[in-house]
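Peer 1: Got work29.cif for you, mmCIF, C-alpha atoms:
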data_final
#
loop_
_atom_site.group_PDB
_atom_site.id
_atom_site.type_symbol
_atom_site.label_atom_id
_atom_site.label_comp_id
_atom_site.auth_asym_id
_atom_site.auth_seq_id
_atom_site.Cartn_x
_atom_site.Cartn_y
_atom_site.Cartn_z
ATOM 1 C CA MET U 4 79.253 -77.243 14.324
ATOM 2 C CA PRO U 5 78.918 -80.500 16.363
ATOM 3 C CA ILE U 6 78.043 -80.254 20.034
ATOM 4 C CA SER U 7 80.547 -81.706 22.493
ATOM 5 C CA HIS U 8 79.614 -84.423 24.996
ATOM 6 C CA SER U 9 79.930 -82.017 27.956
ATOM 7 C CA ALA U 10 77.719 -79.436 26.241
ATOM 8 C CA ALA U 11 75.084 -82.078 25.500
ATOM 9 C CA THR U 12 75.156 -83.246 29.094
ATOM 10 C CA GLU U 13 74.745 -79.661 30.338
ATOM 11 C CA LEU U 14 71.816 -79.080 27.976
ATOM 12 C CA GLU U 15 70.106 -82.236 29.257
ATOM 13 C CA GLN U 16 70.511 -80.992 32.831
ATOM 14 C CA LEU U 17 68.989 -77.590 31.876
ATOM 15 C CA LEU U 18 66.063 -79.338 30.222
ATOM 16 C CA GLY U 19 65.515 -81.422 33.314
ATOM 17 C CA SER U 20 65.679 -78.401 35.644
ATOM 18 C CA GLY U 21 63.248 -76.251 33.623
ATOM 19 C CA ILE U 22 65.770 -73.474 32.917
ATOM 20 C CA ALA U 23 65.970 -74.324 29.226
ATOM 21 C CA GLY U 24 62.759 -72.408 28.457
ATOM 22 C CA GLU U 25 64.168 -69.159 29.814
ATOM 23 C CA LEU U 26 67.478 -69.777 28.044
ATOM 24 C CA ILE U 27 65.789 -70.450 24.715
ATOM 25 C CA SER U 28 63.586 -67.332 25.026
ATOM 26 C CA GLU U 29 66.663 -65.224 25.787
ATOM 27 C CA LEU U 30 68.460 -66.652 22.760
ATOM 28 C CA VAL U 31 65.424 -65.944 20.575
ATOM 29 C CA ARG U 32 65.257 -62.354 21.865
ATOM 30 C CA GLN U 33 68.922 -61.772 21.138
ATOM 31 C CA GLY U 34 68.520 -63.271 17.671
ATOM 32 C CA LEU U 35 65.565 -61.022 16.864
ATOM 33 C CA GLN U 36 67.425 -57.954 18.128
ATOM 34 C CA ALA U 37 70.445 -58.829 15.967
ATOM 35 C CA LEU U 38 68.148 -59.323 12.958
ATOM 36 C CA ILE U 39 66.469 -55.942 13.501
ATOM 37 C CA GLU U 40 69.833 -54.191 13.846
ATOM 38 C CA ALA U 41 71.053 -55.857 10.662
ATOM 39 C CA GLU U 42 67.964 -54.768 8.733
ATOM 40 C CA ALA U 43 68.302 -51.229 10.072
ATOM 41 C CA ALA U 44 71.973 -51.135 9.067
ATOM 42 C CA THR U 45 71.059 -52.396 5.590
ATOM 43 C CA ALA U 46 68.356 -49.748 5.164
ATOM 44 C CA LEU U 47 70.715 -47.063 6.460
ATOM 45 C CA GLY U 48 73.409 -48.168 4.025
ATOM 46 C CA ALA U 49 70.924 -48.050 1.149
ATOM 47 C CA ASP U 50 69.865 -44.507 2.109
ATOM 48 C CA ARG U 51 73.485 -43.374 2.276
ATOM 49 C CA ARG U 52 74.273 -44.961 -1.080
ATOM 50 C CA LYS U 53 71.225 -43.219 -2.594
ATOM 51 C CA ALA U 54 72.401 -39.869 -1.179
ATOM 52 C CA LEU U 55 75.829 -40.394 -2.755
ATOM 53 C CA GLU U 56 74.211 -41.210 -6.097
ATOM 54 C CA ILE U 57 72.167 -37.988 -5.928
ATOM 55 C CA LEU U 58 75.313 -36.038 -5.066
ATOM 56 C CA ASP U 59 77.287 -37.542 -7.968
ATOM 57 C CA GLY U 60 74.467 -36.898 -10.428
ATOM 58 C CA ALA U 61 74.061 -33.280 -9.325
ATOM 59 C CA VAL U 62 77.806 -32.614 -9.481
ATOM 60 C CA CYS U 63 77.983 -34.097 -12.981
ATOM 61 C CA ALA U 64 75.144 -31.759 -13.973
ATOM 62 C CA GLY U 65 77.180 -28.749 -12.818
ATOM 63 C CA ALA U 66 75.929 -28.197 -9.275
ATOM 64 C CA ARG U 67 78.197 -27.453 -6.344
ATOM 65 C CA ALA U 68 78.691 -30.292 -3.897
ATOM 66 C CA ARG U 69 78.243 -28.053 -0.852
ATOM 67 C CA GLU U 70 74.898 -26.708 -2.105
ATOM 68 C CA VAL U 71 73.673 -30.237 -2.826
ATOM 69 C CA ALA U 72 74.691 -31.297 0.682
ATOM 70 C CA VAL U 73 72.629 -28.433 2.133
ATOM 71 C CA LEU U 74 69.583 -29.566 0.145
ATOM 72 C CA LEU U 75 70.089 -33.128 1.373
ATOM 73 C CA GLY U 76 70.342 -31.904 4.957
ATOM 74 C CA VAL U 77 73.730 -33.603 5.436
ATOM 75 C CA GLY U 78 77.131 -32.042 5.926
ATOM 76 C CA LEU U 79 79.598 -32.253 3.066
ATOM 77 C CA THR U 80 82.237 -33.867 5.279
ATOM 78 C CA THR U 81 79.665 -36.503 6.299
ATOM 79 C CA LEU U 82 79.020 -37.353 2.652
ATOM 80 C CA GLN U 83 82.754 -37.633 2.053
ATOM 81 C CA ARG U 84 83.047 -40.007 5.024
ATOM 82 C CA TRP U 85 80.234 -42.165 3.637
ATOM 83 C CA ARG U 86 82.063 -42.367 0.308
ATOM 84 C CA ARG U 87 85.205 -43.617 2.056
ATOM 85 C CA GLN U 88 83.150 -46.229 3.936
ATOM 86 C CA PHE U 89 81.759 -47.608 0.652
ATOM 87 C CA ALA U 90 85.158 -47.555 -1.051
ATOM 88 C CA GLY U 91 86.884 -50.903 -1.674
ATOM 89 C CA GLY U 92 83.702 -52.952 -1.476
ATOM 90 C CA GLY U 93 82.734 -51.668 1.970
ATOM 91 C CA ASP U 94 79.168 -51.898 3.229
ATOM 92 C CA GLY U 95 79.051 -48.345 4.520
ATOM 93 C CA THR U 96 79.224 -49.303 8.178
ATOM 94 C CA ASP U 97 80.630 -46.676 10.497
ATOM 95 C CA HIS U 98 83.519 -48.357 12.294
ATOM 96 C CA ARG U 99 84.479 -45.372 14.396
ATOM 97 C CA LYS U 100 84.646 -46.295 18.051
ATOM 98 C CA GLY U 101 85.120 -42.830 19.497
ATOM 99 C CA THR U 102 87.215 -41.973 22.504
ATOM 100 C CA HIS U 103 86.758 -43.416 25.966
ATOM 101 C CA ARG U 104 88.007 -40.784 28.369
ATOM 102 C CA ASN U 105 88.364 -41.685 31.988
ATOM 103 C CA VAL U 106 87.866 -38.346 33.759
ATOM 104 C CA SER U 107 88.725 -38.721 37.409
ATOM 105 C CA HIS U 108 86.755 -35.685 38.577
ATOM 106 C CA ARG U 109 83.579 -36.511 36.619
ATOM 107 C CA LEU U 110 80.386 -36.018 38.590
ATOM 108 C CA SER U 111 78.822 -39.219 39.825
ATOM 109 C CA ASP U 112 75.106 -39.929 39.750
ATOM 110 C CA GLU U 113 74.947 -39.155 43.468
ATOM 111 C CA GLY U 114 76.665 -35.819 42.873
ATOM 112 C CA ARG U 115 74.233 -34.870 40.109
ATOM 113 C CA HIS U 116 71.306 -35.835 42.294
ATOM 114 C CA GLY U 117 72.746 -33.739 45.136
ATOM 115 C CA ILE U 118 73.081 -30.695 42.864
ATOM 116 C CA LEU U 119 69.487 -31.102 41.719
ATOM 117 C CA LEU U 120 68.219 -31.364 45.290
ATOM 118 C CA THR U 121 70.241 -28.313 46.337
ATOM 119 C CA CYS U 122 68.888 -26.181 43.488
ATOM 120 C CA ASN U 123 65.301 -27.142 44.324
ATOM 121 C CA GLU U 124 65.527 -26.292 48.001
ATOM 122 C CA LEU U 125 63.261 -23.478 49.122
ATOM 123 C CA GLU U 126 66.251 -21.220 49.737
ATOM 124 C CA PHE U 127 67.735 -21.663 46.254
ATOM 125 C CA ALA U 128 64.615 -22.409 44.183
ATOM 126 C CA ALA U 129 64.542 -18.958 42.557
ATOM 127 C CA LEU U 130 68.317 -18.341 42.360
ATOM 128 C CA PRO U 131 70.679 -19.043 39.450
ATOM 129 C CA PRO U 132 73.826 -21.144 39.937
ATOM 130 C CA SER U 133 75.948 -17.980 39.820
ATOM 131 C CA LEU U 134 74.421 -17.067 43.207
ATOM 132 C CA ILE U 135 73.981 -20.566 44.638
ATOM 133 C CA VAL U 136 77.635 -21.631 44.342
ATOM 134 C CA PRO U 137 79.058 -18.588 46.239
ATOM 135 C CA VAL U 138 76.537 -19.068 49.069
ATOM 136 C CA LEU U 139 77.534 -22.715 49.417
ATOM 137 C CA ALA U 140 81.214 -21.758 49.300
ATOM 138 C CA ASP U 141 80.727 -19.295 52.169
ATOM 139 C CA ARG U 142 79.278 -22.168 54.189
ATOM 140 C CA GLY U 143 82.233 -24.409 53.374
ATOM 141 C CA LEU U 144 80.254 -26.668 51.006
ATOM 142 C CA PHE U 145 81.367 -27.613 47.503
ATOM 143 C CA THR U 146 78.929 -29.747 45.558
ATOM 144 C CA GLY U 147 80.172 -28.780 42.120
ATOM 145 C CA SER U 148 81.353 -25.892 39.996
ATOM 146 C CA GLU U 149 79.026 -23.251 38.629
ATOM 147 C CA ARG U 150 79.307 -24.777 35.162
ATOM 148 C CA SER U 151 78.406 -28.206 36.575
ATOM 149 C CA PHE U 152 75.315 -26.711 38.198
ATOM 150 C CA TYR U 153 74.224 -25.230 34.877
ATOM 151 C CA ARG U 154 74.921 -28.515 33.074
ATOM 152 C CA VAL U 155 72.841 -30.562 35.516
ATOM 153 C CA LEU U 156 69.954 -28.072 35.466
ATOM 154 C CA HIS U 157 70.005 -27.991 31.674
ATOM 155 C CA ALA U 158 69.893 -31.791 31.508
ATOM 156 C CA HIS U 159 66.746 -31.804 33.683
ATOM 157 C CA GLY U 160 65.049 -28.861 31.949
ATOM 158 C CA GLN U 161 65.468 -26.469 34.879
ATOM 159 C CA ALA U 162 68.028 -24.065 33.456
ATOM 160 C CA HIS U 163 65.404 -21.314 33.058
ATOM 161 C CA ARG U 164 62.467 -19.982 35.082
ATOM 162 C CA ARG U 165 62.863 -21.995 38.226
ATOM 163 C CA GLY U 166 60.927 -21.296 41.396
ATOM 164 C CA ARG U 167 58.912 -18.086 41.315
ATOM 165 C CA ALA U 168 60.478 -16.822 38.098
ATOM 166 C CA ARG U 169 57.730 -16.189 35.560
ATOM 167 C CA LEU U 170 57.825 -16.818 31.849
ATOM 168 C CA PRO U 171 58.575 -13.757 29.722
ATOM 169 C CA MET U 172 55.539 -11.954 28.396
ATOM 170 C CA GLU U 173 54.944 -12.224 24.689
ATOM 171 C CA PRO U 174 55.414 -8.923 22.828
ATOM 172 C CA ARG U 175 52.184 -7.113 22.145
ATOM 173 C CA THR U 176 51.166 -6.678 18.539
ATOM 174 C CA VAL U 177 51.410 -3.240 16.979
ATOM 175 C CA PRO U 178 47.999 -1.498 17.185
ATOM 176 C CA ARG U 179 46.723 -1.102 13.628
ATOM 177 C CA LEU U 180 43.560 0.971 13.348
ATOM 178 C CA ARG U 181 41.851 2.309 10.249
ATOM 179 C CA ALA U 182 39.474 5.224 9.722
ATOM 180 C CA ASP U 183 37.474 5.700 6.513
ATOM 181 C CA GLY U 184 35.619 8.782 7.673
ATOM 182 C CA PRO U 185 35.282 11.336 10.471
ATOM 183 C CA ASN U 186 34.452 10.353 14.058
ATOM 184 C CA GLN U 187 35.598 6.762 13.633
ATOM 185 C CA LEU U 188 38.985 6.998 15.294
ATOM 186 C CA TRP U 189 40.132 9.619 17.771
ATOM 187 C CA SER U 190 43.549 10.106 19.315
ATOM 188 C CA TRP U 191 44.311 12.061 22.459
ATOM 189 C CA ASP U 192 47.298 12.827 24.628
ATOM 190 C CA ILE U 193 48.675 15.229 27.224
ATOM 191 C CA SER U 194 51.754 17.412 26.695
ATOM 192 C CA TYR U 195 53.850 19.545 29.033
ATOM 193 C CA LEU U 196 53.965 23.332 28.729
ATOM 194 C CA PRO U 197 56.791 25.121 30.588
ATOM 195 C CA THR U 198 56.052 27.864 33.118
ATOM 196 C CA SER U 199 58.171 30.615 34.606
ATOM 197 C CA VAL U 200 58.503 28.605 37.842
ATOM 198 C CA LYS U 201 61.086 25.846 37.615
ATOM 199 C CA GLY U 202 59.583 22.400 38.255
ATOM 200 C CA ILE U 203 55.965 23.508 37.682
ATOM 201 C CA TRP U 204 54.279 22.701 34.392
ATOM 202 C CA LEU U 205 51.016 23.315 32.612
ATOM 203 C CA TYR U 206 49.340 20.400 30.841
ATOM 204 C CA LEU U 207 47.789 20.622 27.381
ATOM 205 C CA TYR U 208 44.951 18.102 26.890
ATOM 206 C CA LEU U 209 44.221 17.521 23.209
ATOM 207 C CA VAL U 210 41.740 15.264 21.338
ATOM 208 C CA ILE U 211 41.939 15.029 17.532
ATOM 209 C CA ASP U 212 40.161 13.104 14.799
ATOM 210 C CA VAL U 213 42.665 10.889 12.994
ATOM 211 C CA TRP U 214 40.892 10.928 9.628
ATOM 212 C CA SER U 215 40.420 14.705 9.298
ATOM 213 C CA ARG U 216 43.110 15.890 11.797
ATOM 214 C CA LYS U 217 40.411 18.085 13.314
ATOM 215 C CA VAL U 218 40.963 19.246 16.881
ATOM 216 C CA ILE U 219 37.852 17.957 18.639
ATOM 217 C CA ALA U 220 38.562 19.385 22.106
ATOM 218 C CA TRP U 221 41.459 20.842 24.075
ATOM 219 C CA ASP U 222 42.160 22.311 27.497
ATOM 220 C CA VAL U 223 45.069 23.641 29.537
ATOM 221 C CA GLU U 224 45.203 22.611 33.172
ATOM 222 C CA SER U 225 47.680 22.923 36.019
ATOM 223 C CA SER U 226 47.673 19.200 36.821
ATOM 224 C CA GLU U 227 47.303 15.810 35.165
ATOM 225 C CA ASP U 228 44.046 14.467 36.566
ATOM 226 C CA PRO U 229 41.832 11.611 35.294
ATOM 227 C CA LYS U 230 38.702 13.620 36.190
ATOM 228 C CA LEU U 231 39.854 16.497 33.992
ATOM 229 C CA ALA U 232 40.518 14.041 31.172
ATOM 230 C CA ALA U 233 37.053 12.527 31.581
ATOM 231 C CA ASN U 234 35.453 16.000 31.461
ATOM 232 C CA LEU U 235 37.417 16.876 28.315
ATOM 233 C CA VAL U 236 36.377 13.695 26.535
ATOM 234 C CA ASN U 237 32.768 14.231 27.649
ATOM 235 C CA ARG U 238 32.766 17.714 26.074
ATOM 236 C CA ALA U 239 34.192 16.249 22.874
ATOM 237 C CA PHE U 240 31.384 13.676 22.714
ATOM 238 C CA LEU U 241 28.722 16.342 23.257
ATOM 239 C CA ARG U 242 30.234 18.551 20.573
ATOM 240 C CA GLU U 243 30.309 15.757 17.993
ATOM 241 C CA ARG U 244 27.037 14.180 19.241
ATOM 242 C CA ILE U 245 28.562 10.774 19.979
ATOM 243 C CA THR U 246 26.021 8.368 21.534
ATOM 244 C CA ARG U 247 25.595 4.632 22.106
ATOM 245 C CA ARG U 248 23.158 4.389 19.190
ATOM 246 C CA ARG U 249 25.954 4.669 16.626
ATOM 247 C CA LYS U 250 26.178 1.764 14.172
ATOM 248 C CA GLN U 251 29.972 1.846 14.234
ATOM 249 C CA PRO U 252 31.470 2.430 17.687
ATOM 250 C CA LEU U 253 34.053 5.160 18.083
ATOM 251 C CA ILE U 254 37.634 4.105 18.952
ATOM 252 C CA LEU U 255 39.647 6.340 21.271
ATOM 253 C CA HIS U 256 43.398 5.688 21.070
ATOM 254 C CA ALA U 257 45.897 6.862 23.688
ATOM 255 C CA ASP U 258 49.165 5.895 25.309
ATOM 256 C CA ASN U 259 49.618 4.184 28.685
ATOM 257 C CA GLY U 260 49.599 7.262 30.935
ATOM 258 C CA ASN U 261 47.874 7.313 34.304
ATOM 259 C CA ALA U 262 45.099 9.583 33.078
ATOM 260 C CA MET U 263 44.497 7.353 30.031
ATOM 261 C CA ARG U 264 44.271 4.167 32.097
ATOM 262 C CA ALA U 265 42.198 5.629 34.940
ATOM 263 C CA ALA U 266 38.934 3.978 35.937
ATOM 264 C CA THR U 267 37.111 7.341 35.844
ATOM 265 C CA LEU U 268 37.615 7.672 32.111
ATOM 266 C CA GLU U 269 36.987 3.969 31.535
ATOM 267 C CA VAL U 270 33.534 4.125 33.140
ATOM 268 C CA ARG U 271 32.582 7.162 31.102
ATOM 269 C CA LEU U 272 33.678 5.539 27.832
ATOM 270 C CA GLU U 273 31.723 2.385 28.627
ATOM 271 C CA GLU U 274 28.592 4.456 29.222
ATOM 272 C CA LEU U 275 28.958 5.969 25.740
ATOM 273 C CA GLY U 276 29.881 2.684 24.044
ATOM 274 C CA VAL U 277 33.342 3.889 23.032
ATOM 275 C CA LEU U 278 36.124 1.355 22.467
ATOM 276 C CA ARG U 279 39.558 2.030 23.949
ATOM 277 C CA SER U 280 42.910 1.403 22.282
ATOM 278 C CA PHE U 281 46.359 1.759 23.846
ATOM 279 C CA SER U 282 49.927 1.927 22.695
ATOM 280 C CA ARG U 283 52.380 -0.834 23.466
ATOM 281 C CA PRO U 284 54.273 -0.551 26.764
ATOM 282 C CA ARG U 285 57.281 1.737 26.361
ATOM 283 C CA GLY U 286 56.341 2.332 22.720
ATOM 284 C CA SER U 287 57.024 5.940 21.763
ATOM 285 C CA ASN U 288 55.659 5.762 18.210
ATOM 286 C CA ASP U 289 52.260 4.075 18.654
ATOM 287 C CA ASN U 290 50.376 7.378 19.048
ATOM 288 C CA PRO U 291 51.943 9.348 16.181
ATOM 289 C CA TYR U 292 49.121 11.737 15.303
ATOM 290 C CA SER U 293 48.907 13.427 18.693
ATOM 291 C CA GLU U 294 52.682 13.428 19.121
ATOM 292 C CA SER U 295 53.268 14.966 15.684
ATOM 293 C CA LEU U 296 50.682 17.671 16.366
ATOM 294 C CA PHE U 297 52.380 18.550 19.655
ATOM 295 C CA ARG U 298 55.692 18.789 17.845
ATOM 296 C CA THR U 299 54.190 21.055 15.183
ATOM 297 C CA ILE U 300 52.635 23.564 17.582
ATOM 298 C CA LYS U 301 55.703 23.701 19.821
ATOM 299 C CA TYR U 302 58.158 24.338 16.981
ATOM 300 C CA ARG U 303 56.222 27.028 15.167
ATOM 301 C CA LEU U 304 57.922 30.378 14.687
ATOM 302 C CA ASP U 305 55.306 32.197 16.765
ATOM 303 C CA HIS U 306 55.869 29.914 19.739
ATOM 304 C CA LEU U 307 56.905 31.830 22.830
ATOM 305 C CA ARG U 308 60.620 31.584 23.443
ATOM 306 C CA LYS U 309 60.025 32.170 27.148
ATOM 307 C CA PRO U 310 57.918 30.025 29.499
ATOM 308 C CA PHE U 311 54.285 30.846 30.141
ATOM 309 C CA THR U 312 53.582 33.077 33.109
ATOM 310 C CA SER U 313 49.937 32.051 33.561
ATOM 311 C CA LYS U 314 47.324 29.578 32.460
ATOM 312 C CA GLU U 315 45.436 32.299 30.569
ATOM 313 C CA GLN U 316 48.517 33.092 28.526
ATOM 314 C CA ALA U 317 48.900 29.428 27.568
ATOM 315 C CA CYS U 318 45.234 29.196 26.570
ATOM 316 C CA LEU U 319 45.561 32.320 24.410
ATOM 317 C CA TRP U 320 48.611 30.829 22.707
ATOM 318 C CA VAL U 321 46.740 27.598 21.950
ATOM 319 C CA VAL U 322 43.801 29.498 20.473
ATOM 320 C CA VAL U 323 46.028 31.579 18.230
#
Kindly transcribe the structure held in the file into structure tokens.

Peer 2:
Amino acid sequence: MPISHSAATELEQLLGSGIAGELISELVRQGLQALIEAEAATALGADRRKALEILDGAVCAGARAREVAVLLGVGLTTLQRWRRQFAGGGDGTDHRKGTHRNVSHRLSDEGRHGILLTCNELEFAALPPSLIVPVLADRGLFTGSERSFYRVLHAHGQAHRRGRARLPMEPRTVPRLRADGPNQLWSWDISYLPTSVKGIWLYLYLVIDVWSRKVIAWDVESSEDPKLAANLVNRAFLRERITRRRKQPLILHADNGNAMRAATLEVRLEELGVLRSFSRPRGSNDNPYSESLFRTIKYRLDHLRKPFTSKEQACLWVVV
């Protein structure tokens, strides 16, 4: 296309003023960007055409179109839209323009920034929008709706665990222990025994060997005390001659009771070189051997139908 006299005159003025270099570099940049977009559109069209060829071949072989679309990672309706775009000699370009909605009450950039600043104030740093919005409303302030607060926080990655809120703890793995012989794995627990006085209980301390189900040591006490538990475990070690010179350390499994977690018992087990194992928090089935033994002895036919009147009576019942 020939250049007009006015355009030539203007170009000469630009060359004389030194602006032509910037203009030419801008034109080159725009040309390169258009070339890159054209190559990307061509490659995208080729990929879409290849996907349609795979779909047609699979359908001709007897496959379902929806299953083929799942394998391709593309929705079936998307593949159908691509086919319409290539129909009639089309190049596969997506000519959809979308909708341009002019929402009058849309949040401005200043409003979004104000919501973000409000949520990160010291007063609201650890509160969710469901509590922040009512507090602001009581003060006569309206920055945005509760849903707008959540939307802005989600866009900035602050929709969860803001302020002092801690991340959730990962679930603990199920304790899996194995015993191939006696005195490798022990389990112990404490169970309640009813008395004739309402609200007062006796406590049955019991240590068993998981492999042989042998009762290593037991005791009946009037309270749940870590010192009593440490004495019971100490007697069990003396009876089975458990020392630090063992090649394979003994593992003592228990739940998360106060007596099981006490420092008194921990120090004693460290002196003997015994490893400790605990159930998961609020896990009722991680110490099954002791729990099942308690259930067995309490539901036997010779179990007293009335509460125990003394500690000696409870001890006699355990022995029998």

Peer 1: Which residues match the PyMOL selection byres ((chain U and resi 86) around 12) in the file above, as a PyMOL selection string?

Peer 2: chain U and resi 48+51-56+58-59+79-85+87-97

Peer 1: Write a file of the selected residues as an mmCIF file, keeping the file's coordinate frame, keeping C-alpha atoms.

Peer 2:
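This went into out-v4.cif:
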data_model
loop_
_atom_site.group_PDB
_atom_site.id
_atom_site.type_symbol
_atom_site.label_atom_id
_atom_site.label_comp_id
_atom_site.auth_asym_id
_atom_site.auth_seq_id
_atom_site.Cartn_x
_atom_site.Cartn_y
_atom_site.Cartn_z
ATOM 1 C CA GLY U 48 73.409 -48.168 4.025
ATOM 2 C CA ARG U 51 73.485 -43.374 2.276
ATOM 3 C CA ARG U 52 74.273 -44.961 -1.080
ATOM 4 C CA LYS U 53 71.225 -43.219 -2.594
ATOM 5 C CA ALA U 54 72.401 -39.869 -1.179
ATOM 6 C CA LEU U 55 75.829 -40.394 -2.755
ATOM 7 C CA GLU U 56 74.211 -41.210 -6.097
ATOM 8 C CA LEU U 58 75.313 -36.038 -5.066
ATOM 9 C CA ASP U 59 77.287 -37.542 -7.968
ATOM 10 C CA LEU U 79 79.598 -32.253 3.066
ATOM 11 C CA THR U 80 82.237 -33.867 5.279
ATOM 12 C CA THR U 81 79.665 -36.503 6.299
ATOM 13 C CA LEU U 82 79.020 -37.353 2.652
ATOM 14 C CA GLN U 83 82.754 -37.633 2.053
ATOM 15 C CA ARG U 84 83.047 -40.007 5.024
ATOM 16 C CA TRP U 85 80.234 -42.165 3.637
ATOM 17 C CA ARG U 87 85.205 -43.617 2.056
ATOM 18 C CA GLN U 88 83.150 -46.229 3.936
ATOM 19 C CA PHE U 89 81.759 -47.608 0.652
ATOM 20 C CA ALA U 90 85.158 -47.555 -1.051
ATOM 21 C CA GLY U 91 86.884 -50.903 -1.674
ATOM 22 C CA GLY U 92 83.702 -52.952 -1.476
ATOM 23 C CA GLY U 93 82.734 -51.668 1.970
ATOM 24 C CA ASP U 94 79.168 -51.898 3.229
ATOM 25 C CA GLY U 95 79.051 -48.345 4.520
ATOM 26 C CA THR U 96 79.224 -49.303 8.178
ATOM 27 C CA ASP U 97 80.630 -46.676 10.497
#

Peer 1: Quick one: which residues end up in the PyMOL selection byres ((chain U and resi 156-164) around 10) for this structure, as JSON, numbers by chain?

Peer 2: {"U": [115, 118, 119, 122, 123, 128, 129, 130, 131, 132, 150, 151, 152, 153, 154, 155, 165, 166, 167, 168, 169, 170, 171]}

Peer 1: Emit the selected residues as a short mmCIF file (atom, residue, chain, number, x, y, z; two decimals), in the coordinates of the input, including C-alpha atoms.

Peer 2:
data_model
loop_
_atom_site.label_atom_id
_atom_site.label_comp_id
_atom_site.auth_asym_id
_atom_site.auth_seq_id
_atom_site.Cartn_x
_atom_site.Cartn_y
_atom_site.Cartn_z
CA ARG U 115 74.23 -34.87 40.11
CA ILE U 118 73.08 -30.70 42.86
CA LEU U 119 69.49 -31.10 41.72
CA CYS U 122 68.89 -26.18 43.49
CA ASN U 123 65.30 -27.14 44.32
CA ALA U 128 64.61 -22.41 44.18
CA ALA U 129 64.54 -18.96 42.56
CA LEU U 130 68.32 -18.34 42.36
CA PRO U 131 70.68 -19.04 39.45
CA PRO U 132 73.83 -21.14 39.94
CA ARG U 150 79.31 -24.78 35.16
CA SER U 151 78.41 -28.21 36.58
CA PHE U 152 75.32 -26.71 38.20
CA TYR U 153 74.22 -25.23 34.88
CA ARG U 154 74.92 -28.52 33.07
CA VAL U 155 72.84 -30.56 35.52
CA ARG U 165 62.86 -22.00 38.23
CA GLY U 166 60.93 -21.30 41.40
CA ARG U 167 58.91 -18.09 41.32
CA ALA U 168 60.48 -16.82 38.10
CA ARG U 169 57.73 -16.19 35.56
CA LEU U 170 57.82 -16.82 31.85
CA PRO U 171 58.58 -13.76 29.72
#

Peer 1: Given the file shown, enumerate the residues that the PyMOL selection byres ((chain U and resi 279-286) around 6) captures and present them as a list in words.

Peer 2: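 Checked against the file, the PyMOL selection byres ((chain U and resi 279-286) around 6) matches Ile254, Leu255, His256, Ala257, Asp258, Leu278, Ser287, Asn288 and Asp289 of chain U.
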
Peer 1: Would you write out those residues with C-alpha atoms, as an mmCIF file, in the coordinates of the input?

Peer 2:
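Output (selection-v4.cif):
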data_model
loop_
_atom_site.group_PDB
_atom_site.id
_atom_site.type_symbol
_atom_site.label_atom_id
_atom_site.label_comp_id
_atom_site.auth_asym_id
_atom_site.auth_seq_id
_atom_site.Cartn_x
_atom_site.Cartn_y
_atom_site.Cartn_z
ATOM 1 C CA ILE U 254 37.634 4.105 18.952
ATOM 2 C CA LEU U 255 39.647 6.340 21.271
ATOM 3 C CA HIS U 256 43.398 5.688 21.070
ATOM 4 C CA ALA U 257 45.897 6.862 23.688
ATOM 5 C CA ASP U 258 49.165 5.895 25.309
ATOM 6 C CA LEU U 278 36.124 1.355 22.467
ATOM 7 C CA SER U 287 57.024 5.940 21.763
ATOM 8 C CA ASN U 288 55.659 5.762 18.210
ATOM 9 C CA ASP U 289 52.260 4.075 18.654
#

Peer 1: Which residues, written as a ChimeraX atom specification, have at least one atom at most 12 Å from Gln316 in chain U, with all atoms listed in the file counted and residues fewer than 6 positions away on the same chain left out?

Peer 2: /U:196-199,205,223-224,306-307,309-310,322-323

Peer 1: Quick one: write out the picked residues with C-alpha atoms as a tab-separated table (two decimals), in the coordinates of the input?

Peer 2:
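Result file follows (out15.tsv):
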chain	number	residue	atom	x	y	z
U	196	LEU	CA	53.96	23.33	28.73
U	197	PRO	CA	56.79	25.12	30.59
U	198	THR	CA	56.05	27.86	33.12
U	199	SER	CA	58.17	30.62	34.61
U	205	LEU	CA	51.02	23.32	32.61
U	223	VAL	CA	45.07	23.64	29.54
U	224	GLU	CA	45.20	22.61	33.17
U	306	HIS	CA	55.87	29.91	19.74
U	307	LEU	CA	56.90	31.83	22.83
U	309	LYS	CA	60.02	32.17	27.15
U	310	PRO	CA	57.92	30.02	29.50
U	322	VAL	CA	43.80	29.50	20.47
U	323	VAL	CA	46.03	31.58	18.23

Peer 1: Between CA of Glu294 in chain U and CA of Trp191 in chain U, what is the spacing in Å?

Peer 2: 9.1 Å
